[in-house]
>>> print(open('final36.tsv').read())   # TSV, C-alpha atoms
chain	number	residue	atom	x	y	z
T	13	MET	CA	38.61	187.30	154.21
T	14	LEU	CA	39.23	184.06	152.34
T	15	SER	CA	40.54	184.88	148.88
T	16	PHE	CA	38.68	183.68	145.80
T	17	LYS	CA	41.95	182.16	144.66
T	18	TYR	CA	42.01	180.01	147.82
T	19	LEU	CA	38.31	179.13	147.58
T	20	GLN	CA	38.75	178.05	143.95
T	21	LYS	CA	41.46	175.70	145.15
T	22	ILE	CA	39.91	174.20	148.26
T	23	LEU	CA	36.14	174.36	147.65
T	24	PRO	CA	35.68	171.38	145.27
T	25	ARG	CA	37.50	169.04	147.64
T	26	LEU	CA	36.02	170.44	150.86
T	27	TYR	CA	32.43	170.69	149.65
T	28	SER	CA	32.40	167.19	148.19
T	29	VAL	CA	34.11	165.30	151.00
T	30	LEU	CA	31.02	164.11	152.92
T	31	PRO	CA	28.87	162.91	150.01
T	32	PHE	CA	31.94	161.57	148.20
T	33	PHE	CA	32.75	159.19	151.04
T	34	LEU	CA	29.33	158.57	152.58
T	35	ASN	CA	26.97	158.48	149.59
T	36	PRO	CA	28.79	159.26	146.33
T	37	ARG	CA	25.68	159.06	144.16
T	38	THR	CA	24.23	162.22	145.71
T	39	ALA	CA	25.56	165.72	146.37
T	40	PHE	CA	24.80	168.86	148.30
T	41	PRO	CA	23.16	171.66	146.26
T	42	PRO	CA	25.73	173.08	143.80
T	43	ALA	CA	28.17	175.55	145.30
T	44	HIS	CA	29.10	176.90	141.88
T	45	ALA	CA	27.06	177.18	138.67
T	46	PHE	CA	28.30	178.03	135.17
T	47	PHE	CA	26.09	179.46	132.47
T	48	GLU	CA	27.34	179.42	128.87
T	49	VAL	CA	24.89	182.13	127.90
T	50	THR	CA	25.81	182.26	124.21
T	51	TYR	CA	28.20	180.72	121.69
T	52	ARG	CA	28.47	183.93	119.72
T	53	CYS	CA	31.93	185.43	119.90
T	54	ASN	CA	33.75	188.32	118.26
T	55	LEU	CA	37.10	186.48	118.45
T	56	ARG	CA	38.32	183.15	117.05
T	57	CYS	CA	41.05	182.02	119.46
T	58	ASP	CA	42.95	179.15	117.90
T	59	MET	CA	43.01	177.06	121.13
T	60	CYS	CA	39.32	177.59	121.98
T	61	HIS	CA	37.34	174.45	122.87
T	62	PHE	CA	34.23	175.85	121.20
T	63	LEU	CA	35.54	176.96	117.80
T	64	GLU	CA	33.36	174.47	115.96
T	65	ILE	CA	30.15	175.48	117.66
T	66	ILE	CA	31.05	179.19	117.50
T	67	GLU	CA	31.38	178.95	113.73
T	68	ASP	CA	28.13	176.99	113.51
T	69	THR	CA	26.40	179.57	115.68
T	70	GLU	CA	27.36	182.45	113.41
T	71	ASN	CA	27.13	180.71	110.05
T	72	ASN	CA	23.75	179.09	110.68
T	73	LYS	CA	22.35	181.68	113.09
T	74	THR	CA	21.77	178.97	115.70
T	75	TYR	CA	22.11	181.56	118.46
T	76	ARG	CA	18.40	182.09	117.82
T	77	ASN	CA	17.84	178.71	119.49
T	78	GLU	CA	19.78	179.56	122.64
T	79	LEU	CA	18.05	179.95	125.98
T	80	SER	CA	16.05	183.15	126.28
T	81	THR	CA	16.68	185.71	128.99
T	82	GLU	CA	13.60	184.52	130.92
T	83	GLU	CA	14.66	180.87	130.68
T	84	ILE	CA	18.10	181.68	132.09
T	85	LYS	CA	16.51	183.70	134.89
T	86	ARG	CA	14.31	180.75	135.84
T	87	ALA	CA	17.32	178.45	135.94
T	88	ILE	CA	19.15	180.96	138.15
T	89	ASP	CA	16.17	181.18	140.49
T	90	ALA	CA	16.30	177.40	140.98
T	91	LEU	CA	19.73	177.71	142.60
T	92	PRO	CA	20.37	178.32	146.32
T	93	ARG	CA	21.32	181.88	147.18
T	94	PHE	CA	24.79	180.75	148.31
T	95	THR	CA	25.65	179.41	144.82
T	96	LEU	CA	28.38	181.38	143.07
T	97	ILE	CA	27.40	181.98	139.45
T	98	THR	CA	29.89	182.23	136.59
T	99	PHE	CA	28.79	183.54	133.19
T	100	THR	CA	30.81	182.65	130.14
T	101	GLY	CA	30.38	181.86	126.44
T	102	GLY	CA	31.40	182.31	123.66
T	103	GLU	CA	31.60	185.93	124.64
T	104	ALA	CA	28.88	186.59	127.21
T	105	PHE	CA	28.53	190.26	126.30
T	106	MET	CA	27.58	189.27	122.76
T	107	LYS	CA	24.24	188.03	124.06
T	108	ARG	CA	21.41	190.46	123.75
T	109	ASP	CA	20.04	191.40	127.18
T	110	PHE	CA	23.07	189.95	128.96
T	111	MET	CA	23.20	192.93	131.32
T	112	GLU	CA	19.62	192.15	132.32
T	113	ILE	CA	20.63	188.57	133.12
T	114	LEU	CA	23.68	189.80	135.00
T	115	ARG	CA	21.63	192.23	137.09
T	116	HIS	CA	19.12	189.53	137.92
T	117	ALA	CA	21.81	187.13	139.10
T	118	ALA	CA	23.71	189.82	141.02
T	119	SER	CA	20.58	190.74	142.98
T	120	ARG	CA	20.80	187.49	144.97
T	121	HIS	CA	24.10	185.77	144.15
T	122	LYS	CA	27.80	186.47	144.04
T	123	VAL	CA	28.59	186.63	140.33
T	124	HIS	CA	31.71	186.00	138.25
T	125	VAL	CA	32.04	186.86	134.53
T	126	ILE	CA	34.64	185.44	132.13
T	127	THR	CA	35.13	187.67	129.08
T	128	ASN	CA	37.63	188.83	126.49
T	129	GLY	CA	37.01	192.42	127.61
T	130	THR	CA	36.74	193.85	124.10
T	131	LEU	CA	33.18	195.09	124.70
T	132	PHE	CA	33.92	197.01	127.90
T	133	THR	CA	32.65	200.39	126.74
T	134	GLU	CA	32.25	203.20	129.26
T	135	SER	CA	28.55	202.40	129.50
T	136	VAL	CA	29.16	198.69	130.15
T	137	VAL	CA	31.79	199.42	132.79
T	138	ASP	CA	29.47	201.90	134.53
T	139	GLN	CA	26.80	199.21	134.68
T	140	LEU	CA	29.25	196.64	136.00
T	141	MET	CA	30.35	198.99	138.75
T	142	ASP	CA	26.72	199.67	139.61
T	143	ILE	CA	26.09	195.99	140.39
T	144	ARG	CA	29.45	195.31	142.04
T	145	LEU	CA	29.67	193.44	145.31
T	146	LYS	CA	29.61	195.96	148.13
T	147	SER	CA	29.93	193.59	151.08
T	148	VAL	CA	31.56	190.18	151.35
T	149	PHE	CA	28.35	188.98	152.97
T	150	GLY	CA	26.12	190.33	150.21
T	151	SER	CA	25.42	189.70	146.55
T	152	GLY	CA	26.75	191.40	143.44
T	153	LEU	CA	29.47	191.27	140.81
T	154	PHE	CA	32.28	189.60	142.67
T	155	TYR	CA	34.89	188.73	140.05
T	156	VAL	CA	35.70	189.53	136.41
T	157	GLY	CA	38.11	187.42	134.41
T	158	VAL	CA	39.76	188.76	131.25
T	159	SER	CA	41.88	186.74	128.81
T	160	LEU	CA	45.22	187.96	127.46
T	161	GLU	CA	47.55	185.60	125.63
T	162	GLY	CA	50.73	187.65	125.31
T	163	ASP	CA	51.98	190.79	123.60
T	164	GLU	CA	50.00	192.58	120.89
T	165	GLU	CA	51.34	190.69	117.90
T	166	LEU	CA	50.92	187.29	119.53
T	167	HIS	CA	47.52	187.99	121.08
T	168	ASP	CA	46.06	189.15	117.78
T	169	ARG	CA	47.52	186.10	116.07
T	170	VAL	CA	45.96	183.78	118.67
T	171	THR	CA	42.55	185.47	118.47
T	172	THR	CA	42.92	185.82	114.65
T	173	ILE	CA	41.30	189.28	114.93
T	174	PRO	CA	43.56	192.31	114.33
T	175	GLY	CA	43.14	194.99	116.99
T	176	SER	CA	41.72	192.63	119.62
T	177	PHE	CA	44.69	193.14	121.95
T	178	ARG	CA	44.19	196.90	122.11
T	179	LYS	CA	40.45	196.52	122.63
T	180	THR	CA	40.97	194.05	125.47
T	181	ARG	CA	43.58	196.20	127.18
T	182	THR	CA	41.49	199.33	126.80
T	183	GLY	CA	38.48	197.60	128.31
T	184	LEU	CA	40.46	196.04	131.14
T	185	GLU	CA	42.18	199.29	132.05
T	186	ARG	CA	38.85	201.12	131.90
T	187	LEU	CA	37.42	198.67	134.44
T	188	VAL	CA	40.44	198.93	136.74
T	189	GLN	CA	40.32	202.73	136.59
T	190	ALA	CA	36.59	202.78	137.36
T	191	ARG	CA	37.16	200.58	140.38
T	192	LYS	CA	40.00	202.77	141.54
T	193	SER	CA	38.10	206.04	141.08
T	194	MET	CA	35.24	204.66	143.19
T	195	GLY	CA	37.61	203.49	145.89
T	196	SER	CA	36.07	200.03	145.62
T	197	ARG	CA	37.63	196.67	146.20
T	198	PHE	CA	35.16	194.94	143.91
T	199	PRO	CA	34.85	193.51	141.42
T	200	LEU	CA	38.06	191.59	141.88
T	201	ILE	CA	39.84	191.03	138.56
T	202	HIS	CA	41.88	188.15	137.23
T	203	LEU	CA	43.86	187.82	134.03
T	204	THR	CA	43.87	184.39	132.42
T	205	CYS	CA	46.49	183.16	129.98
T	206	VAL	CA	46.82	179.76	128.32
T	207	ILE	CA	50.42	178.55	128.42
T	208	GLY	CA	51.77	177.71	124.98
T	209	TYR	CA	54.93	177.38	122.95
T	210	ASP	CA	54.48	180.75	121.26
T	211	ASN	CA	53.78	182.83	124.38
T	212	LEU	CA	56.32	181.29	126.75
T	213	MET	CA	58.46	184.42	126.91
T	214	ASP	CA	55.37	186.58	127.40
T	215	LEU	CA	54.28	184.91	130.65
T	216	VAL	CA	56.49	187.00	132.94
T	217	PRO	CA	55.85	190.33	131.15
T	218	LEU	CA	52.12	189.61	131.43
T	219	TYR	CA	52.48	189.11	135.18
T	220	ASN	CA	54.48	192.35	135.40
T	221	TYR	CA	51.64	194.11	133.60
T	222	ALA	CA	49.03	192.60	135.94
T	223	GLU	CA	50.98	193.81	138.97
T	224	LYS	CA	51.48	197.30	137.56
T	225	LEU	CA	47.81	197.59	136.63
T	226	GLY	CA	46.52	196.33	139.97
T	227	VAL	CA	44.95	193.04	138.85
T	228	ASN	CA	44.17	190.73	141.77
T	229	VAL	CA	45.24	187.39	140.28
T	230	CYS	CA	47.15	186.25	137.21
T	231	ASN	CA	46.00	182.76	136.26
T	232	TYR	CA	48.01	180.52	133.93
T	233	VAL	CA	46.18	177.47	132.60
T	234	LEU	CA	47.19	174.39	130.65
T	235	ASN	CA	46.33	174.20	126.98
T	236	ASN	CA	43.68	171.50	126.86
T	237	PRO	CA	43.44	170.23	123.25
T	238	SER	CA	40.06	168.52	123.76
T	239	THR	CA	37.10	169.69	121.69
T	240	TYR	CA	33.76	170.33	123.43
T	241	TRP	CA	30.68	170.23	121.26
T	242	HIS	CA	27.71	171.66	123.13
T	243	GLY	CA	25.10	171.54	120.43
T	244	LYS	CA	21.59	170.84	121.66
T	245	ASN	CA	21.27	167.38	123.29
T	246	TYR	CA	24.96	166.69	122.68
T	247	ASP	CA	26.38	163.27	123.54
T	248	GLN	CA	30.09	163.01	124.21
T	249	ASP	CA	30.27	160.34	126.91
T	250	HIS	CA	32.75	158.32	124.87
T	251	PHE	CA	35.26	161.19	124.82
T	252	LEU	CA	36.09	160.50	128.46
T	253	ARG	CA	37.50	157.12	127.49
T	254	LYS	CA	39.70	158.52	124.73
T	255	PRO	CA	43.15	159.92	125.59
T	256	THR	CA	43.47	163.61	124.88
T	257	PRO	CA	45.57	164.68	121.87
T	258	GLU	CA	49.18	165.58	122.53
T	259	VAL	CA	50.03	169.23	123.12
T	260	GLU	CA	52.72	171.22	121.33
T	261	GLU	CA	55.85	170.62	123.34
T	262	ILE	CA	57.88	173.33	125.08
T	263	ASP	CA	61.56	173.07	125.93
T	264	PRO	CA	61.67	171.93	129.59
T	265	VAL	CA	64.52	174.26	130.56
T	266	ASP	CA	62.86	177.30	129.03
T	267	LEU	CA	59.51	176.49	130.60
T	268	LYS	CA	60.87	175.72	134.06
T	269	GLY	CA	62.90	178.93	133.98
T	270	GLN	CA	59.84	181.06	133.27
T	271	LEU	CA	57.71	179.29	135.87
T	272	ASP	CA	60.42	179.78	138.48
T	273	LEU	CA	60.61	183.48	137.64
T	274	LEU	CA	56.86	183.79	138.03
T	275	ILE	CA	56.98	182.14	141.45
T	276	TRP	CA	59.89	184.31	142.51
T	277	LYS	CA	58.07	187.48	141.51
T	278	SER	CA	54.87	186.34	143.25
T	279	LYS	CA	56.69	186.50	146.59
T	280	SER	CA	56.86	190.29	146.35
T	281	TYR	CA	53.90	191.10	144.08
T	282	ASN	CA	50.46	192.11	145.31
T	283	SER	CA	48.91	190.42	142.28
T	284	GLY	CA	48.46	186.76	143.13
T	285	LEU	CA	49.77	183.92	140.99
T	286	ARG	CA	47.67	180.87	140.17
T	287	PHE	CA	48.27	177.81	138.04
T	288	SER	CA	45.39	175.65	136.83
T	289	PRO	CA	44.45	172.83	137.40
T	290	ASN	CA	44.42	173.11	141.18
T	291	TYR	CA	47.49	171.96	143.10
T	292	ILE	CA	49.57	171.53	139.95
T	293	THR	CA	53.32	171.99	140.41
T	294	PRO	CA	55.79	173.67	138.03
T	295	GLU	CA	57.42	170.27	137.52
T	296	GLU	CA	54.11	168.75	136.47
T	297	ILE	CA	53.49	171.62	134.07
T	298	VAL	CA	56.88	170.86	132.51
T	299	ARG	CA	55.95	167.19	132.22
T	300	TYR	CA	52.61	168.08	130.67
T	301	TYR	CA	54.28	170.16	127.94
T	302	SER	CA	56.70	167.29	127.31
T	303	ASN	CA	53.70	164.94	126.86
T	304	ARG	CA	54.88	162.84	129.81
T	305	SER	CA	51.95	163.48	132.17
T	306	SER	CA	49.58	160.74	133.27
T	307	TYR	CA	45.87	161.32	133.73
T	308	LYS	CA	46.09	158.96	136.72
T	309	ASP	CA	47.89	161.72	138.64
T	310	TYR	CA	44.66	163.77	138.67
T	311	ARG	CA	41.30	163.57	140.40
T	312	CYS	CA	37.93	165.24	139.81
T	313	TYR	CA	35.36	166.29	142.44
T	314	ILE	CA	33.38	168.62	140.22
T	315	PRO	CA	30.17	166.51	139.92
T	316	TRP	CA	29.73	166.96	143.68
T	317	THR	CA	30.36	170.71	143.58
T	318	LYS	CA	29.56	172.41	140.28
T	319	VAL	CA	26.77	172.41	137.73
T	320	ALA	CA	26.77	174.02	134.29
T	321	VAL	CA	24.14	174.96	131.72
T	322	SER	CA	24.88	175.12	128.01
T	323	GLY	CA	23.57	177.84	125.75
T	324	TYR	CA	20.78	175.47	124.71
T	325	GLY	CA	19.78	174.44	128.22
T	326	ASP	CA	21.66	171.17	128.60
T	327	VAL	CA	22.80	170.52	132.16
T	328	PHE	CA	26.22	169.03	132.88
T	329	SER	CA	29.15	169.03	135.29
T	330	CYS	CA	31.77	167.45	133.07
T	331	PRO	CA	31.69	169.09	129.61
T	332	HIS	CA	31.68	165.61	128.05
T	333	PHE	CA	28.75	164.22	130.03
T	334	ARG	CA	25.23	165.58	129.61
T	335	MET	CA	23.02	165.00	132.67
T	336	GLY	CA	19.76	166.46	131.39
T	337	SER	CA	18.13	169.71	130.36
T	338	VAL	CA	16.49	172.69	132.03
T	339	HIS	CA	13.50	171.89	129.81
T	340	GLU	CA	13.03	168.44	131.36
T	341	GLY	CA	11.06	167.77	134.53
T	342	LYS	CA	9.83	170.14	137.20
T	343	ASP	CA	13.25	171.19	138.47
T	344	PRO	CA	15.31	173.11	135.87
T	345	MET	CA	18.44	172.12	137.80
T	346	ASP	CA	17.90	168.41	138.42
T	347	TRP	CA	21.15	168.15	140.32
T	348	ASN	CA	20.44	164.62	141.53
T	349	SER	CA	18.96	163.13	138.37
T	350	GLY	CA	19.58	159.50	137.50
T	351	ARG	CA	22.31	160.48	135.04
T	352	ALA	CA	24.03	162.66	137.64
T	353	LYS	CA	24.00	159.86	140.20
T	354	GLU	CA	25.28	157.41	137.61
T	355	PHE	CA	28.18	159.68	136.69
T	356	ARG	CA	29.21	160.34	140.29
T	357	GLU	CA	29.22	156.64	141.07
T	358	LEU	CA	31.29	155.91	137.97
T	359	LEU	CA	33.76	158.70	138.70
T	360	LYS	CA	34.19	157.58	142.32
T	361	LYS	CA	35.05	154.11	141.01
T	362	GLU	CA	37.34	155.21	138.16
T	363	LYS	CA	38.89	158.20	140.02
T	364	ILE	CA	39.56	159.94	136.68
T	365	PHE	CA	39.36	159.23	132.92
T	366	PRO	CA	41.92	159.40	130.08
T	367	GLY	CA	40.01	162.28	128.49
T	368	CYS	CA	40.39	164.39	131.64
T	369	LEU	CA	44.08	165.19	131.22
T	370	GLY	CA	44.52	168.95	130.86
T	371	CYS	CA	41.06	169.87	132.18
T	372	CYS	CA	41.26	172.99	134.35
T	373	GLN	CA	38.52	171.62	136.63
T	374	SER	CA	40.58	168.61	137.72
T	375	GLU	CA	43.03	168.48	140.63
T	376	TYR	CA	46.63	167.33	140.53
T	377	VAL	CA	47.36	164.69	143.18
T	378	GLY	CA	50.64	163.32	141.85
T	379	GLN	CA	54.13	163.76	143.15
T	380	GLN	CA	54.62	167.07	144.93
T	381	ASP	CA	58.08	167.81	143.56
T	382	ASP	CA	60.58	170.13	145.15
T	383	THR	CA	59.47	173.57	143.99
T	384	ARG	CA	62.46	175.54	145.24
T	385	VAL	CA	62.96	178.54	143.01
T	386	MET	CA	66.15	179.15	141.05
T	387	ILE	CA	66.53	182.91	140.97
T	388	GLY	CA	68.88	185.67	139.91
T	389	SER	CA	72.35	184.79	138.74
T	390	GLU	CA	71.74	181.03	138.89
T	391	ILE	CA	69.08	181.15	136.19
T	392	PHE	CA	70.74	183.75	134.05
T	393	ALA	CA	74.15	182.09	134.25
T	394	LYS	CA	72.73	178.79	133.02
T	395	HIS	CA	70.54	180.00	130.16
T	396	PRO	CA	70.88	183.77	129.60
T	397	GLU	CA	69.97	183.66	125.91
T	398	ARG	CA	66.69	181.92	126.72
T	399	ILE	CA	65.61	183.76	129.84
T	400	GLU	CA	66.45	187.34	128.92
T	401	LYS	CA	64.51	187.32	125.66
T	402	LYS	CA	61.41	189.55	125.73
T	403	MET	CA	61.66	190.32	129.46
T	404	ALA	CA	60.43	193.89	129.02
T	405	VAL	CA	57.00	194.77	130.42
T	406	VAL	CA	54.16	194.35	127.89
T	407	LYS	CA	53.53	197.62	126.15
>>> encode(input="final36.tsv", output="structure tokens")
Amino acid sequence: MLSFKYLQKILPRLYSVLPFFLNPRTAFPPAHAFFEVTYRCNLRCDMCHFLEIIEDTENNKTYRNELSTEEIKRAIDALPRFTLITFTGGEAFMKRDFMEILRHAASRHKVHVITNGTLFTESVVDQLMDIRLKSVFGSGLFYVGVSLEGDEELHDRVTTIPGSFRKTRTGLERLVQARKSMGSRFPLIHLTCVIGYDNLMDLVPLYNYAEKLGVNVCNYVLNNPSTYWHGKNYDQDHFLRKPTPEVEEIDPVDLKGQLDLLIWKSKSYNSGLRFSPNYITPEEIVRYYSNRSSYKDYRCYIPWTKVAVSGYGDVFSCPHFRMGSVHEGKDPMDWNSGRAKEFRELLKKEKIFPGCLGCCQSEYVGQQDDTRVMIGSEIFAKHPERIEKKMAVVK
């Protein structure tokens, strides 16, 4: 079976190739749909794109204006059965009736949920296992992604909520155990971690933990400092033309050493290793965290592949470019609206925009550097004081 990790990598390019070259204004029906079902969240991660709207949601109770369960169901029903659906937030499980939405989607689609895992009670996990994918040719809960940012002290500092690390680990381990006790392969599980200066020495221990626990993929993503404001009828087109803010730099030697160790371990681990954006190399990651990357070394095929719906019903592919709303017109997913066609044509011409640097949905097409792995005594002999620090498994 093709792995989800591989499909995530190849699908945007493969699915978009014909319309991209033959008629770039149009696209096949979306292969992947994202639903930001709510902007409520029980954490306040300091690198979150949605911090501003999350605070507004809670302070002004604007979650009352989010799409209702029935409205989300109608939008789901407008999608082809082959469309993979990802639910995210905020924290998706903070939405009232989210399990009803999840069941509805899983009855006819393969479904993926991105969550912080803190709300995985025994009851929630039982329900998730009940709707799990049972055949690769069928529908059901296919993948669950859980975020961990490092060890307990660091994770709680990043989320700004004491005790969140233990809640996430408890929920994650409860899900893994439930899957194991049922002898089921699904749902597949991935851990996601944003690479940063503070958690550099936690990257390898986190991968060790994923392997020990039986997680399918450990995904490390770039810290994208852009801010996404998805208030109702948002307009951020101009953000694409603005360069993204600089990221906090990481020592190149330290970073390359940890990335090499991850790659080395991946050769013997069952838990897969993934870096986002797609096709990015360790050398490019080092350049990115030295603020030496160029947005021109990336491409985006997402407007030909993926569609997303905000918590208020706005439809978009790029989080900076609103194409319409599920409330407009006869088709709640007007995938080939005038705005959508306009954006595809513009993107085909421009190839990429300054504001795209760091976006996990882009693809790296720059220099494919030599990624040979320095291992063992060579690494430790060069920088033992840097590499050995905090190499114990996360506890």
>>> closest_residue(input="final36.tsv", among="T:Tyr310, T:Phe177, T:Tyr155, T:Trp316", to="Leu200 of chain T", atoms="all atoms listed in the file")
T:Tyr155
>>> closest_residue(input="final36.tsv", among="T:Phe110, T:Val216, T:Ala320, T:Asn245", to="Glu340 of chain T", atoms="only C-alpha atoms")
T:Asn245
>>> closest_residue(input="final36.tsv", among="T:Leu30, T:Met59, T:Leu273, T:Leu218", to="Thr172 of chain T", atoms="all atoms listed in the file")
T:Met59
>>> atom_distance(input="final36.tsv", atom1="atom CA of Val327 of chain T", atom2="atom CA of Met345 of chain T")
7.3 Å
>>> residues_near_point(input="final36.tsv", point="(24.7, 162.0, 128.5)", cutoff="7 Å", atoms="all atoms listed in the file", output="list in words")
Asp247, Gln248, Asp249, Phe333, Arg334 and Met335 of chain T
>>> atom_distance(input="final36.tsv", atom1="atom CA of His202 of chain T", atom2="atom CA of Lys279 of chain T")
17.6 Å
>>> residues_around(input="final36.tsv", residues="Asn228 of chain T", least_positions_apart="4", cutoff="12 Å", atoms="only C-alpha atoms", output="list in words")
Ser15, Phe16, Lys17, Phe154, Tyr155, Val156, Gly157, Val158, Val188, Arg197, Phe198, Pro199, Leu200, Ile201, His202, Leu203, Thr204, Tyr219, Tyr221, Ala222, Glu223, Lys224, Ser278, Tyr281, Asn282, Ser283, Gly284, Leu285 and Arg286 of chain T
>>> closest_residue(input="final36.tsv", among="T:Ser135, T:Tyr246, T:Lys122, T:Lys268", to="Gly325 of chain T", atoms="all atoms listed in the file")
T:Tyr246
>>> closest_residue(input="final36.tsv", among="T:Val265, T:Ala190, T:Leu359, T:Leu96", to="Val137 of chain T", atoms="all atoms listed in the file")
T:Ala190
>>> closest_residue(input="final36.tsv", among="T:Glu112, T:Glu375, T:Glu67, T:Asp346", to="Thr38 of chain T", atoms="only C-alpha atoms")
T:Asp346
>>> atom_distance(input="final36.tsv", atom1="atom CA of Asp272 of chain T", atom2="atom CA of Met213 of chain T")
12.6 Å
>>> axis_aligned_box(input="final36.tsv", around="segment 145-153 of chain T", padding_each_side="8 Å", output="JSON")
{"center_x": 28.5, "center_y": 192.5, "center_z": 146.9, "size_x": 22.1, "size_y": 23.0, "size_z": 28.2}
>>> decode(input="final36.tsv", residues="segment 232-238 of chain T", atoms="all heavy atoms", output="mmCIF file, in the first residue's frame")
data_model
loop_
_atom_site.group_PDB
_atom_site.id
_atom_site.type_symbol
_atom_site.label_atom_id
_atom_site.label_comp_id
_atom_site.auth_asym_id
_atom_site.auth_seq_id
_atom_site.Cartn_x
_atom_site.Cartn_y
_atom_site.Cartn_z
ATOM 1 N N TYR T 232 8.528 16.811 11.193
ATOM 2 C CA TYR T 232 9.149 18.044 11.675
ATOM 3 C C TYR T 232 8.905 19.146 10.655
ATOM 4 O O TYR T 232 9.229 18.998 9.475
ATOM 5 C CB TYR T 232 10.647 17.832 11.888
ATOM 6 C CG TYR T 232 10.951 16.827 12.973
ATOM 7 C CD1 TYR T 232 11.164 15.489 12.666
ATOM 8 C CD2 TYR T 232 10.992 17.217 14.304
ATOM 9 C CE1 TYR T 232 11.428 14.559 13.663
ATOM 10 C CE2 TYR T 232 11.252 16.298 15.314
ATOM 11 C CZ TYR T 232 11.464 14.971 14.979
ATOM 12 O OH TYR T 232 11.713 14.054 15.968
ATOM 13 N N VAL T 233 8.325 20.253 11.098
ATOM 14 C CA VAL T 233 7.930 21.322 10.183
ATOM 15 C C VAL T 233 8.666 22.608 10.507
ATOM 16 O O VAL T 233 9.089 22.844 11.640
ATOM 17 C CB VAL T 233 6.402 21.560 10.235
ATOM 18 C CG1 VAL T 233 5.650 20.282 9.909
ATOM 19 C CG2 VAL T 233 5.971 22.089 11.592
ATOM 20 N N LEU T 234 8.815 23.443 9.485
ATOM 21 C CA LEU T 234 9.434 24.749 9.677
ATOM 22 C C LEU T 234 8.520 25.657 10.493
ATOM 23 O O LEU T 234 7.296 25.573 10.406
ATOM 24 C CB LEU T 234 9.693 25.416 8.326
ATOM 25 C CG LEU T 234 10.631 24.713 7.344
ATOM 26 C CD1 LEU T 234 10.796 25.577 6.096
ATOM 27 C CD2 LEU T 234 11.983 24.426 7.977
ATOM 28 N N ASN T 235 9.126 26.531 11.254
ATOM 29 C CA ASN T 235 8.370 27.552 11.971
ATOM 30 C C ASN T 235 8.052 28.676 10.987
ATOM 31 O O ASN T 235 8.934 29.411 10.557
ATOM 32 C CB ASN T 235 9.183 28.084 13.151
ATOM 33 C CG ASN T 235 8.442 29.172 13.909
ATOM 34 O OD1 ASN T 235 7.231 29.338 13.757
ATOM 35 N ND2 ASN T 235 9.159 29.922 14.729
ATOM 36 N N ASN T 236 6.793 28.780 10.626
ATOM 37 C CA ASN T 236 6.365 29.819 9.692
ATOM 38 C C ASN T 236 5.844 31.003 10.502
ATOM 39 O O ASN T 236 4.799 30.906 11.149
ATOM 40 C CB ASN T 236 5.264 29.268 8.781
ATOM 41 C CG ASN T 236 4.782 30.293 7.765
ATOM 42 O OD1 ASN T 236 5.190 31.450 7.789
ATOM 43 N ND2 ASN T 236 3.910 29.865 6.878
ATOM 44 N N PRO T 237 6.535 32.138 10.482
ATOM 45 C CA PRO T 237 6.148 33.272 11.339
ATOM 46 C C PRO T 237 4.985 34.103 10.801
ATOM 47 O O PRO T 237 4.620 35.104 11.406
ATOM 48 C CB PRO T 237 7.431 34.102 11.397
ATOM 49 C CG PRO T 237 8.106 33.838 10.092
ATOM 50 C CD PRO T 237 7.790 32.406 9.749
ATOM 51 N N SER T 238 4.400 33.706 9.665
ATOM 52 C CA SER T 238 3.262 34.461 9.131
ATOM 53 C C SER T 238 2.068 34.388 10.079
ATOM 54 O O SER T 238 1.929 33.438 10.849
ATOM 55 C CB SER T 238 2.838 33.899 7.769
ATOM 56 O OG SER T 238 3.844 34.085 6.805
#
